[in-house]
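*Asks:* Contents of protein-v3.tsv (TSV, C-alpha atoms and all ligand atoms) are given next:
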```
chain	number	residue	atom	x	y	z
A	14	MET	CA	-3.32	-2.51	14.48
A	15	ASP	CA	-4.47	-1.62	17.97
A	16	LEU	CA	-1.28	-0.36	19.67
A	17	ALA	CA	-2.85	-0.52	23.15
A	18	LEU	CA	-3.66	-4.18	22.57
A	19	GLN	CA	-0.18	-4.80	21.17
A	20	ALA	CA	1.39	-3.28	24.31
A	21	GLN	CA	-0.42	-5.90	26.41
A	22	ILE	CA	1.39	-8.83	24.76
A	23	PRO	CA	3.58	-10.22	27.54
A	24	VAL	CA	7.34	-10.15	26.99
A	25	ASN	CA	10.52	-10.99	28.94
A	26	ARG	CA	9.06	-13.24	31.60
A	27	TYR	CA	12.46	-14.97	31.61
A	28	ARG	CA	15.58	-12.84	31.23
A	29	PRO	CA	19.18	-13.97	30.70
A	30	SER	CA	19.81	-13.43	34.44
A	31	SER	CA	16.95	-15.84	35.32
A	32	PRO	CA	16.27	-18.14	32.35
A	33	LEU	CA	13.83	-21.06	32.30
A	34	ARG	CA	15.21	-24.60	32.38
A	35	VAL	CA	13.63	-26.56	29.49
A	36	THR	CA	14.08	-30.10	28.18
A	37	LEU	CA	14.64	-30.97	24.55
A	38	GLN	CA	11.79	-33.35	23.84
A	39	SER	CA	12.77	-34.17	20.27
A	40	ILE	CA	15.01	-33.09	17.43
A	41	GLU	CA	14.52	-33.92	13.77
A	42	GLN	CA	16.52	-32.91	10.70
A	43	LEU	CA	14.21	-31.28	8.14
A	44	THR	CA	16.80	-31.25	5.35
A	45	THR	CA	18.41	-34.31	3.76
A	46	PRO	CA	21.51	-35.43	5.72
A	47	GLY	CA	24.71	-34.57	3.82
A	48	GLY	CA	23.01	-31.78	1.85
A	49	PRO	CA	24.29	-28.20	1.68
A	50	ASN	CA	21.99	-26.91	4.44
A	51	ASP	CA	21.15	-28.42	7.81
A	52	VAL	CA	17.85	-27.24	9.28
A	53	ARG	CA	16.41	-28.91	12.36
A	54	HIS	CA	13.03	-28.97	14.10
A	55	LEU	CA	13.44	-28.94	17.87
A	56	VAL	CA	10.68	-29.33	20.42
A	57	LEU	CA	11.35	-27.87	23.88
A	58	ARG	CA	9.23	-28.77	26.91
A	59	TRP	CA	8.66	-27.36	30.41
A	60	GLN	CA	6.25	-27.68	33.35
A	61	PRO	CA	2.61	-26.46	33.04
A	62	GLY	CA	2.22	-22.71	33.59
A	63	GLU	CA	5.89	-21.83	33.31
A	64	PHE	CA	5.81	-20.11	29.91
A	65	ASP	CA	3.30	-18.65	27.46
A	66	TRP	CA	3.57	-16.68	24.24
A	67	ARG	CA	1.82	-15.47	21.12
A	68	GLU	CA	2.42	-16.41	17.51
A	69	GLY	CA	5.18	-14.22	16.02
A	70	GLN	CA	7.26	-14.02	19.22
A	71	SER	CA	10.76	-15.42	19.70
A	72	VAL	CA	12.69	-17.07	22.50
A	73	GLY	CA	16.31	-16.64	23.52
A	74	ILE	CA	18.61	-19.62	23.93
A	75	VAL	CA	21.69	-19.42	26.11
A	76	ALA	CA	24.49	-21.64	24.82
A	77	PRO	CA	26.40	-23.36	27.63
A	78	GLY	CA	29.86	-22.22	28.67
A	79	LEU	CA	31.48	-18.81	29.01
A	80	ASN	CA	32.71	-16.30	26.46
A	81	ALA	CA	36.28	-14.97	26.14
A	82	LYS	CA	35.56	-12.49	28.95
A	83	GLY	CA	34.46	-15.28	31.29
A	84	ARG	CA	30.79	-14.28	31.10
A	85	PRO	CA	27.79	-16.35	29.94
A	86	HIS	CA	27.27	-16.20	26.18
A	87	PRO	CA	24.69	-13.64	25.02
A	88	VAL	CA	21.34	-15.17	24.08
A	89	ARG	CA	20.55	-15.89	20.44
A	90	LEU	CA	16.98	-15.39	19.34
A	91	PHE	CA	14.89	-18.01	17.54
A	92	SER	CA	11.34	-17.54	16.25
A	93	ILE	CA	8.76	-19.71	17.94
A	94	ALA	CA	7.39	-22.10	15.30
A	95	SER	CA	4.34	-23.17	17.33
A	96	ALA	CA	0.95	-21.61	18.02
A	97	ARG	CA	0.20	-20.65	21.63
A	98	ASP	CA	-1.13	-24.13	22.48
A	99	GLY	CA	2.25	-25.66	21.72
A	100	GLU	CA	3.15	-28.86	19.94
A	101	ASP	CA	0.96	-31.08	22.12
A	102	GLY	CA	-1.99	-28.73	22.53
A	103	ASP	CA	-1.42	-28.07	26.26
A	104	GLY	CA	0.91	-25.05	26.05
A	105	THR	CA	3.90	-26.83	27.60
A	106	SER	CA	6.06	-27.20	24.50
A	107	LEU	CA	7.17	-25.19	21.50
A	108	ALA	CA	9.09	-25.86	18.31
A	109	LEU	CA	12.08	-24.02	16.87
A	110	THR	CA	13.36	-24.21	13.29
A	111	VAL	CA	17.13	-23.87	13.49
A	112	LYS	CA	19.62	-23.64	10.66
A	113	ARG	CA	23.18	-24.72	11.39
A	114	PHE	CA	25.11	-21.52	10.79
A	115	TYR	CA	28.76	-21.08	9.72
A	116	TRP	CA	30.68	-17.84	9.33
A	117	THR	CA	34.06	-17.02	7.80
A	118	ASN	CA	36.65	-15.17	9.84
A	119	PRO	CA	37.61	-12.24	7.56
A	120	ASP	CA	41.20	-12.16	8.88
A	121	THR	CA	42.06	-15.85	8.61
A	122	GLY	CA	39.47	-17.17	6.11
A	123	GLU	CA	38.66	-19.89	8.63
A	124	VAL	CA	35.10	-21.26	8.48
A	125	ILE	CA	33.73	-21.30	12.04
A	126	PRO	CA	30.54	-22.99	13.26
A	127	GLY	CA	28.11	-20.49	14.80
A	128	LEU	CA	27.98	-21.09	18.55
A	129	CYS	CA	24.31	-21.39	19.40
A	130	SER	CA	22.86	-22.81	16.17
A	131	ASN	CA	25.43	-25.63	16.25
A	132	TYR	CA	24.78	-26.23	19.94
A	133	LEU	CA	21.07	-26.62	19.16
A	134	CYS	CA	21.54	-28.72	16.03
A	135	ASP	CA	23.90	-31.09	17.90
A	136	ALA	CA	21.63	-31.43	20.94
A	137	GLN	CA	20.03	-34.76	21.86
A	138	ALA	CA	16.53	-35.50	23.12
A	139	GLY	CA	16.54	-35.26	26.90
A	140	ASP	CA	19.14	-32.48	27.04
A	141	GLN	CA	18.39	-29.61	29.43
A	142	MET	CA	18.66	-26.05	28.06
A	143	TRP	CA	18.20	-22.47	29.24
A	144	MET	CA	15.52	-20.41	27.51
A	145	THR	CA	14.55	-16.72	27.84
A	146	GLY	CA	11.63	-14.68	26.60
A	147	PRO	CA	9.21	-14.53	25.04
A	148	VAL	CA	10.39	-11.45	23.14
A	149	GLY	CA	8.96	-9.28	20.38
A	150	ARG	CA	5.55	-7.79	19.78
A	151	GLU	CA	6.08	-6.55	16.24
A	152	MET	CA	5.24	-9.80	14.45
A	153	VAL	CA	2.24	-10.81	16.57
A	154	PRO	CA	-1.07	-10.77	14.66
A	155	LEU	CA	-3.99	-9.39	16.64
A	156	ASP	CA	-6.72	-9.70	14.02
A	157	TRP	CA	-6.86	-13.20	12.56
A	158	ALA	CA	-9.82	-12.24	10.37
A	159	ALA	CA	-7.69	-9.67	8.52
A	160	PRO	CA	-6.30	-10.76	5.14
A	161	MET	CA	-2.58	-11.57	5.41
A	162	LEU	CA	0.27	-11.58	2.94
A	163	LEU	CA	3.13	-13.62	4.44
A	164	ILE	CA	6.55	-13.68	2.79
A	165	ALA	CA	9.30	-15.96	4.11
A	166	THR	CA	12.82	-16.95	3.18
A	167	GLY	CA	14.67	-19.87	4.78
A	168	THR	CA	14.04	-20.22	8.51
A	169	GLY	CA	11.78	-17.17	8.21
A	170	ILE	CA	9.06	-19.79	7.76
A	171	ALA	CA	9.20	-20.52	11.52
A	172	PRO	CA	6.78	-17.84	12.78
A	173	PHE	CA	4.46	-18.52	9.84
A	174	ARG	CA	4.25	-22.18	10.85
A	175	ALA	CA	2.91	-20.83	14.15
A	176	PHE	CA	0.48	-18.54	12.25
A	177	LEU	CA	-0.82	-21.42	10.15
A	178	GLN	CA	-1.21	-23.66	13.20
A	179	GLN	CA	-3.24	-20.96	14.90
A	180	ARG	CA	-5.38	-20.43	11.76
A	181	ALA	CA	-6.07	-24.15	11.68
A	182	ARG	CA	-7.39	-23.95	15.25
A	183	LEU	CA	-9.82	-21.15	14.35
A	184	SER	CA	-13.15	-21.59	12.60
A	185	PRO	CA	-13.35	-20.52	8.92
A	186	ALA	CA	-15.35	-17.44	10.00
A	187	GLU	CA	-12.60	-16.37	12.42
A	188	ARG	CA	-9.77	-16.41	9.87
A	189	GLY	CA	-9.16	-14.23	6.83
A	190	GLN	CA	-7.65	-14.86	3.44
A	191	CYS	CA	-3.93	-15.70	3.55
A	192	LEU	CA	-1.28	-15.87	0.84
A	193	LEU	CA	2.11	-17.26	1.93
A	194	VAL	CA	5.05	-16.93	-0.47
A	195	PHE	CA	8.00	-19.04	0.70
A	196	GLY	CA	11.45	-18.94	-0.91
A	197	ALA	CA	14.43	-21.21	-0.32
A	198	GLN	CA	17.37	-22.55	-2.32
A	199	THR	CA	16.03	-26.03	-3.09
A	200	ALA	CA	12.96	-28.19	-2.48
A	201	ASP	CA	14.93	-29.76	0.37
A	202	ASP	CA	15.01	-26.39	2.15
A	203	LEU	CA	11.25	-25.81	1.95
A	204	SER	CA	10.65	-26.80	5.57
A	205	TYR	CA	7.13	-28.00	6.47
A	206	ARG	CA	6.00	-28.00	2.81
A	207	ALA	CA	3.99	-31.24	2.95
A	208	TRP	CA	2.19	-30.07	6.10
A	209	MET	CA	1.38	-26.69	4.54
A	210	ASP	CA	0.12	-28.30	1.34
A	211	ASP	CA	-2.21	-30.48	3.43
A	212	LEU	CA	-3.51	-27.39	5.23
A	213	CYS	CA	-4.29	-25.70	1.90
A	214	ALA	CA	-6.38	-28.71	0.92
A	215	THR	CA	-8.71	-28.11	3.89
A	216	ASP	CA	-8.58	-24.28	4.03
A	217	PRO	CA	-9.78	-22.68	0.77
A	218	GLN	CA	-8.76	-19.22	2.02
A	219	LEU	CA	-5.12	-20.28	2.39
A	220	GLN	CA	-2.70	-20.36	-0.54
A	221	VAL	CA	0.99	-21.28	-0.18
A	222	VAL	CA	3.37	-20.87	-3.12
A	223	TYR	CA	7.06	-21.63	-3.32
A	224	ALA	CA	10.22	-20.38	-5.02
A	225	ARG	CA	13.33	-22.57	-5.30
A	226	SER	CA	16.14	-20.24	-6.35
A	227	ARG	CA	18.68	-22.98	-7.20
A	228	GLU	CA	16.21	-25.19	-9.04
A	229	GLU	CA	13.70	-22.95	-10.82
A	230	LYS	CA	14.08	-20.22	-13.40
A	231	THR	CA	11.91	-17.23	-14.20
A	232	ALA	CA	10.45	-16.85	-17.71
A	233	ASP	CA	13.46	-14.67	-18.63
A	234	GLY	CA	15.96	-17.25	-17.38
A	235	ARG	CA	16.95	-15.81	-13.98
A	236	ARG	CA	16.97	-17.63	-10.66
A	237	MET	CA	13.49	-17.81	-9.16
A	238	TYR	CA	13.53	-15.84	-5.92
A	239	VAL	CA	10.69	-15.25	-3.52
A	240	GLN	CA	9.96	-11.83	-5.06
A	241	ASP	CA	9.63	-13.43	-8.51
A	242	ARG	CA	7.06	-15.91	-7.21
A	243	LEU	CA	5.25	-13.01	-5.55
A	244	ARG	CA	5.11	-11.27	-8.96
A	245	ASP	CA	3.53	-14.44	-10.44
A	246	HIS	CA	0.74	-14.06	-7.88
A	247	GLY	CA	0.64	-10.28	-8.13
A	248	ALA	CA	-3.05	-9.98	-8.96
A	249	SER	CA	-4.18	-11.99	-5.92
A	250	ALA	CA	-1.64	-10.29	-3.64
A	251	TRP	CA	-2.77	-6.86	-4.79
A	252	SER	CA	-6.43	-7.71	-4.42
A	253	LEU	CA	-5.79	-8.97	-0.85
A	254	LEU	CA	-3.96	-5.73	0.00
A	255	GLN	CA	-6.97	-3.63	-0.98
A	256	ASP	CA	-8.73	-4.67	2.24
A	257	PRO	CA	-8.19	-1.83	4.76
A	258	ARG	CA	-7.34	-4.40	7.46
A	259	ALA	CA	-4.82	-6.35	5.32
A	260	GLU	CA	-1.45	-7.04	6.97
A	261	VAL	CA	1.92	-7.83	5.38
A	262	TYR	CA	4.56	-9.87	7.23
A	263	LEU	CA	8.12	-10.49	6.02
A	264	CYS	CA	10.49	-12.83	7.82
A	265	GLY	CA	13.89	-14.29	6.96
A	266	LEU	CA	17.13	-13.20	5.37
A	267	LYS	CA	18.33	-9.67	5.93
A	268	GLY	CA	18.09	-7.82	2.62
A	269	MET	CA	14.96	-9.61	1.35
A	270	GLU	CA	12.94	-6.41	1.92
A	271	ASP	CA	14.38	-4.65	-1.16
A	272	GLY	CA	13.38	-7.37	-3.61
A	273	ILE	CA	9.89	-7.59	-2.12
A	274	ASP	CA	9.51	-3.82	-2.26
A	275	ALA	CA	10.49	-3.77	-5.94
A	276	ALA	CA	8.11	-6.63	-6.71
A	277	LEU	CA	5.20	-4.86	-5.00
A	278	ALA	CA	6.00	-1.69	-6.96
A	279	ASP	CA	5.88	-3.71	-10.23
A	280	ILE	CA	2.65	-5.41	-9.18
A	281	ALA	CA	1.07	-2.05	-8.30
A	282	ALA	CA	2.07	-0.65	-11.70
A	283	GLN	CA	0.43	-3.62	-13.44
A	284	GLN	CA	-2.71	-3.24	-11.34
A	285	SER	CA	-2.86	0.54	-11.80
A	286	GLY	CA	-2.15	0.99	-8.09
A	287	ASP	CA	0.24	3.16	-6.09
A	288	TRP	CA	2.69	1.09	-4.00
A	289	PRO	CA	4.49	4.01	-2.28
A	290	GLU	CA	1.13	5.34	-1.14
A	291	LEU	CA	-0.08	1.94	0.08
A	292	ARG	CA	3.30	1.18	1.71
A	293	GLN	CA	3.09	4.44	3.66
A	294	ARG	CA	-0.44	3.64	4.77
A	295	LEU	CA	0.60	0.13	5.83
A	296	ARG	CA	3.51	1.58	7.80
A	297	ASP	CA	1.43	4.32	9.42
A	298	GLU	CA	-1.17	1.77	10.50
A	299	HIS	CA	1.46	-0.79	11.64
A	300	ARG	CA	0.25	-3.28	9.08
A	301	LEU	CA	3.69	-3.84	7.51
A	302	ARG	CA	5.74	-6.05	9.84
A	303	ILE	CA	9.30	-7.06	9.11
A	304	GLU	CA	11.69	-9.37	10.97
A	305	VAL	CA	14.95	-10.08	9.16
A	306	TYR	CA	18.25	-11.37	10.54
B	401	LIG	C1	14.32	-12.06	15.90
B	401	LIG	C2	15.24	-13.16	15.40
B	401	LIG	C3	14.71	-14.40	15.12
B	401	LIG	C4	15.55	-15.41	14.64
B	401	LIG	N1	14.98	-16.63	14.33
B	401	LIG	C5	15.77	-17.62	13.88
B	401	LIG	C6	15.19	-18.88	13.53
B	401	LIG	O1	13.97	-19.09	13.66
B	401	LIG	N2	16.01	-19.85	13.08
B	401	LIG	C7	17.38	-19.64	12.94
B	401	LIG	O2	18.08	-20.58	12.54
B	401	LIG	N3	17.94	-18.45	13.24
B	401	LIG	C8	17.19	-17.44	13.72
B	401	LIG	N4	17.75	-16.24	14.05
B	401	LIG	C9	19.22	-16.09	13.97
B	401	LIG	C10	19.88	-16.59	15.28
B	401	LIG	O3	19.51	-15.73	16.35
B	401	LIG	C11	21.39	-16.59	15.24
B	401	LIG	O4	21.85	-15.32	14.85
B	401	LIG	C12	21.96	-17.63	14.30
B	401	LIG	O5	21.52	-18.92	14.67
B	401	LIG	C13	23.51	-17.62	14.40
B	401	LIG	O6	23.87	-17.75	15.74
B	401	LIG	P1	25.14	-18.62	16.16
B	401	LIG	O7	25.29	-18.53	17.64
B	401	LIG	O8	25.07	-19.98	15.58
B	401	LIG	O9	26.31	-17.86	15.43
B	401	LIG	P2	27.38	-16.86	16.12
B	401	LIG	O10	28.44	-17.65	16.78
B	401	LIG	O11	26.63	-15.87	16.94
B	401	LIG	O12	27.94	-16.15	14.85
B	401	LIG	C14	27.17	-15.18	14.20
B	401	LIG	C15	28.04	-14.00	13.79
B	401	LIG	O13	28.67	-13.47	14.93
B	401	LIG	C16	29.96	-13.00	14.60
B	401	LIG	N5	30.94	-13.64	15.50
B	401	LIG	C17	30.73	-14.71	16.30
B	401	LIG	N6	31.82	-15.01	17.00
B	401	LIG	C18	32.76	-14.10	16.65
B	401	LIG	C19	34.11	-13.87	17.04
B	401	LIG	N7	34.73	-14.65	17.93
B	401	LIG	N8	34.78	-12.84	16.46
B	401	LIG	C20	34.17	-12.04	15.55
B	401	LIG	N9	32.90	-12.22	15.15
B	401	LIG	C21	32.21	-13.23	15.68
B	401	LIG	C22	30.20	-13.34	13.16
B	401	LIG	O14	29.97	-12.18	12.41
B	401	LIG	C23	29.14	-14.35	12.82
B	401	LIG	O15	28.69	-14.21	11.50
B	401	LIG	C24	16.94	-15.19	14.49
B	401	LIG	C25	17.45	-13.93	14.79
B	401	LIG	C26	16.63	-12.93	15.23
B	401	LIG	C27	17.24	-11.58	15.54
```
Starting from the file, lay out its structure as structure tokens.
*Replies:*
Amino acid sequence: MDLALQAQIPVNRYRPSSPLRVTLQSIEQLTTPGGPNDVRHLVLRWQPGEFDWREGQSVGIVAPGLNAKGRPHPVRLFSIASARDGEDGDGTSLALTVKRFYWTNPDTGEVIPGLCSNYLCDAQAGDQMWMTGPVGREMVPLDWAAPMLLIATGTGIAPFRAFLQQRARLSPAERGQCLLVFGAQTADDLSYRAWMDDLCATDPQLQVVYARSREEKTADGRRMYVQDRLRDHGASAWSLLQDPRAEVYLCGLKGMEDGIDAALADIAAQQSGDWPELRQRLRDEHRLRIEVY
């Protein structure tokens, strides 16, 4: 990773004090209505030239209204799910992948809808919204020819949708080998699966594999989590990581890092490799990128 190049990635063009007005072009539920999870694909639009970004960055959304102190609500971050050309190829729109979030008040036990995710999931096409950003440089790939191991849980797939869109816009010579391991509770939660499977059919260097923790079991009868599916593909993951340019990206649920770390240690042991040594090298060279929330 070239840190000087990374520092040039533009951030914070729009701050909470001066956000960009955007229009919700479309909203589509990715999960089956009435199911346990509600994940939506939103496309936001603005005027030409008002906003640009790189794959792996996020935007902030400001929910309307004021908080208990009479101030605007703090922004919530959402990964940009579109490559830099946007959803229509002209850089004036981007997609978000938003899960309707609920939390339980520890004092009362009351289940409370999360403010911003519910605002977004309830929005209607044509609604005007306030957006900030882009933010984040950590998850932005700079070398598309480098081999990539991508590991996602839940809405952690959002930045990787942007990665795969960008790969699809590059020539085969410009893009490296890519293994994406995507875990969710059920098949219904595997957002963008059909699209990714179609991409694999036309890109022999791309492999996408899935883990459905509530529907699949491991050989020893446990729930199949993303780290278990990674173990199944341990030989190819390990071989990809032997390239000195290889990059590893993790995105999704906080806490997923531990399971992935353990799986990579097991894989290394099977392949007669040294995961702690490789992990340190990946960290030192900024080739291990993690975004969990
Ligand atoms: C870099 C980054 C990228 C992200 N990308 C995505 C993405 O692509 N898709 C996605 O769906 N999410 C994403 N998130 C998560 C997202 O930013 C929000 O955290 C999530 O949507 C919940 O926000 P909310 O406003 O709905 O919930 P909130 O209302 O903010 O509730 C969240 C938590 O805040 C606390 N809280 C809220 N109100 C109170 C109160 N009155 N009293 C006490 N505690 C309270 C609770 O602990 C609760 O669990 C991302 C987060 C980060 C940091």
*Asks:* Got a sec to check which residues lie within 9 Å of ligand LIG 401 (chain B), using all atoms listed in the file, and send them as a ChimeraX atom specification?
*Replies:* /A:52-53,70-74,76,80-81,87-94,109-119,125-133,148-149,167-172,264-265,304-306
*Asks:* Within 12 Å of Ala20 in chain A, counting all atoms listed in the file, which residues qualify if same-chain residues fewer than 4 places away don't, as a PyMOL selection string?
*Replies:* chain A and resi 14-16+24+149-151+153+155
*Asks:* So which residues touch range 233-239 of chain A within 12 Å, counting all atoms listed in the file, skipping near sequence neighbours fewer than 3 positions away, as a VMD selection string?
*Replies:* chain A and resid 163 to 167 169 193 to 199 203 221 to 230 242 to 246 263 to 266 269 to 277
*Asks:* Can you tell me, as a PyMOL selection string, what residues are no more than 10 Å from range 207-216 of chain A when counting all atoms listed in the file, ignoring any on the same chain fewer than 4 positions away?
*Replies:* chain A and resi 174+177-178+180-181+185+188+190-191+193+203+220-222
*Asks:* Output C-alpha atoms for every residue in that selection, as a PDB file, keeping the file's coordinate frame.
*Replies:*
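The resulting file, out-v2.pdb, is shown below:
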```pdb
ATOM      1  CA  ARG A 174       4.250 -22.180  10.850  1.00  0.00           C
ATOM      2  CA  LEU A 177      -0.820 -21.420  10.150  1.00  0.00           C
ATOM      3  CA  GLN A 178      -1.210 -23.660  13.200  1.00  0.00           C
ATOM      4  CA  ARG A 180      -5.380 -20.430  11.760  1.00  0.00           C
ATOM      5  CA  ALA A 181      -6.070 -24.150  11.680  1.00  0.00           C
ATOM      6  CA  PRO A 185     -13.350 -20.520   8.920  1.00  0.00           C
ATOM      7  CA  ARG A 188      -9.770 -16.410   9.870  1.00  0.00           C
ATOM      8  CA  GLN A 190      -7.650 -14.860   3.440  1.00  0.00           C
ATOM      9  CA  CYS A 191      -3.930 -15.700   3.550  1.00  0.00           C
ATOM     10  CA  LEU A 193       2.110 -17.260   1.930  1.00  0.00           C
ATOM     11  CA  LEU A 203      11.250 -25.810   1.950  1.00  0.00           C
ATOM     12  CA  GLN A 220      -2.700 -20.360  -0.540  1.00  0.00           C
ATOM     13  CA  VAL A 221       0.990 -21.280  -0.180  1.00  0.00           C
ATOM     14  CA  VAL A 222       3.370 -20.870  -3.120  1.00  0.00           C
TER      15      VAL A 222
END
```
*Asks:* Quick one, how far is CA of Ala138 in chain A from CA of Leu33 in chain A?
*Replies:*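 Interatomic distance here is 17.3 Å.
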*Asks:* Kindly indicate which residue among A:Thr145, A:Val261, A:Gly122, A:Glu298 lies nearest to Ser31 in chain A, using all atoms listed in the file for the distances.
*Replies:*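 Ranking A:Thr145, A:Val261, A:Gly122, A:Glu298 by distance to Ser31 in chain A, first place goes to A:Thr145.
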*Asks:* Between A:Trp59, A:Trp66, A:Phe176, A:Tyr262, which has the minimum distance to Thr36 in chain A (counting all atoms listed in the file)?
*Replies:*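 Result for the nearest residue to Thr36 in chain A: A:Trp59.
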*Asks:* Between A:Leu107, A:Val75, A:Ile303, A:Ile22, which is the closest to Gln38 in chain A once you count all atoms listed in the file?
*Replies:* A:Leu107
*Asks:* Pick out the closest residue to Asp135 in chain A from this set: A:Gly83, A:His54, A:Gly62, A:Gly286. Count only C-alpha atoms.
*Replies:* A:His54
*Asks:* When you count only C-alpha atoms, which of these residues is closest to Ala175 in chain A: A:Ala108, A:Val124, A:Ala136, A:Ala159?
*Replies:* A:Ala108
*Asks:* Closest to Trp157 in chain A among A:Ala259, A:Leu79, A:Asn50, A:Glu63, using all atoms listed in the file?
*Replies:*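 Of the candidates, the smallest distance to Trp157 in chain A is held by A:Ala259.
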*Asks:* Calculate how many Å separate CA of Asp202 in chain A from CA of Ser106 in chain A, rounding to one decimal.
*Replies:*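 Separation between CA of Asp202 in chain A and CA of Ser106 in chain A: 24.1 Å.
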*Asks:* For the atom pair CA of Ala250 in chain A and CA of Leu18 in chain A, what is the interatomic distance in Å to one decimal place?
*Replies:*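 That distance, rounded to one decimal, is 27.0 Å.
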*Asks:* Please return as a PyMOL selection string every residue within 10 Å of (2.2, -26.2, 25.9), taking into account all atoms listed in the file and the file's own coordinates.
*Replies:* chain A and resi 57-66+95-107
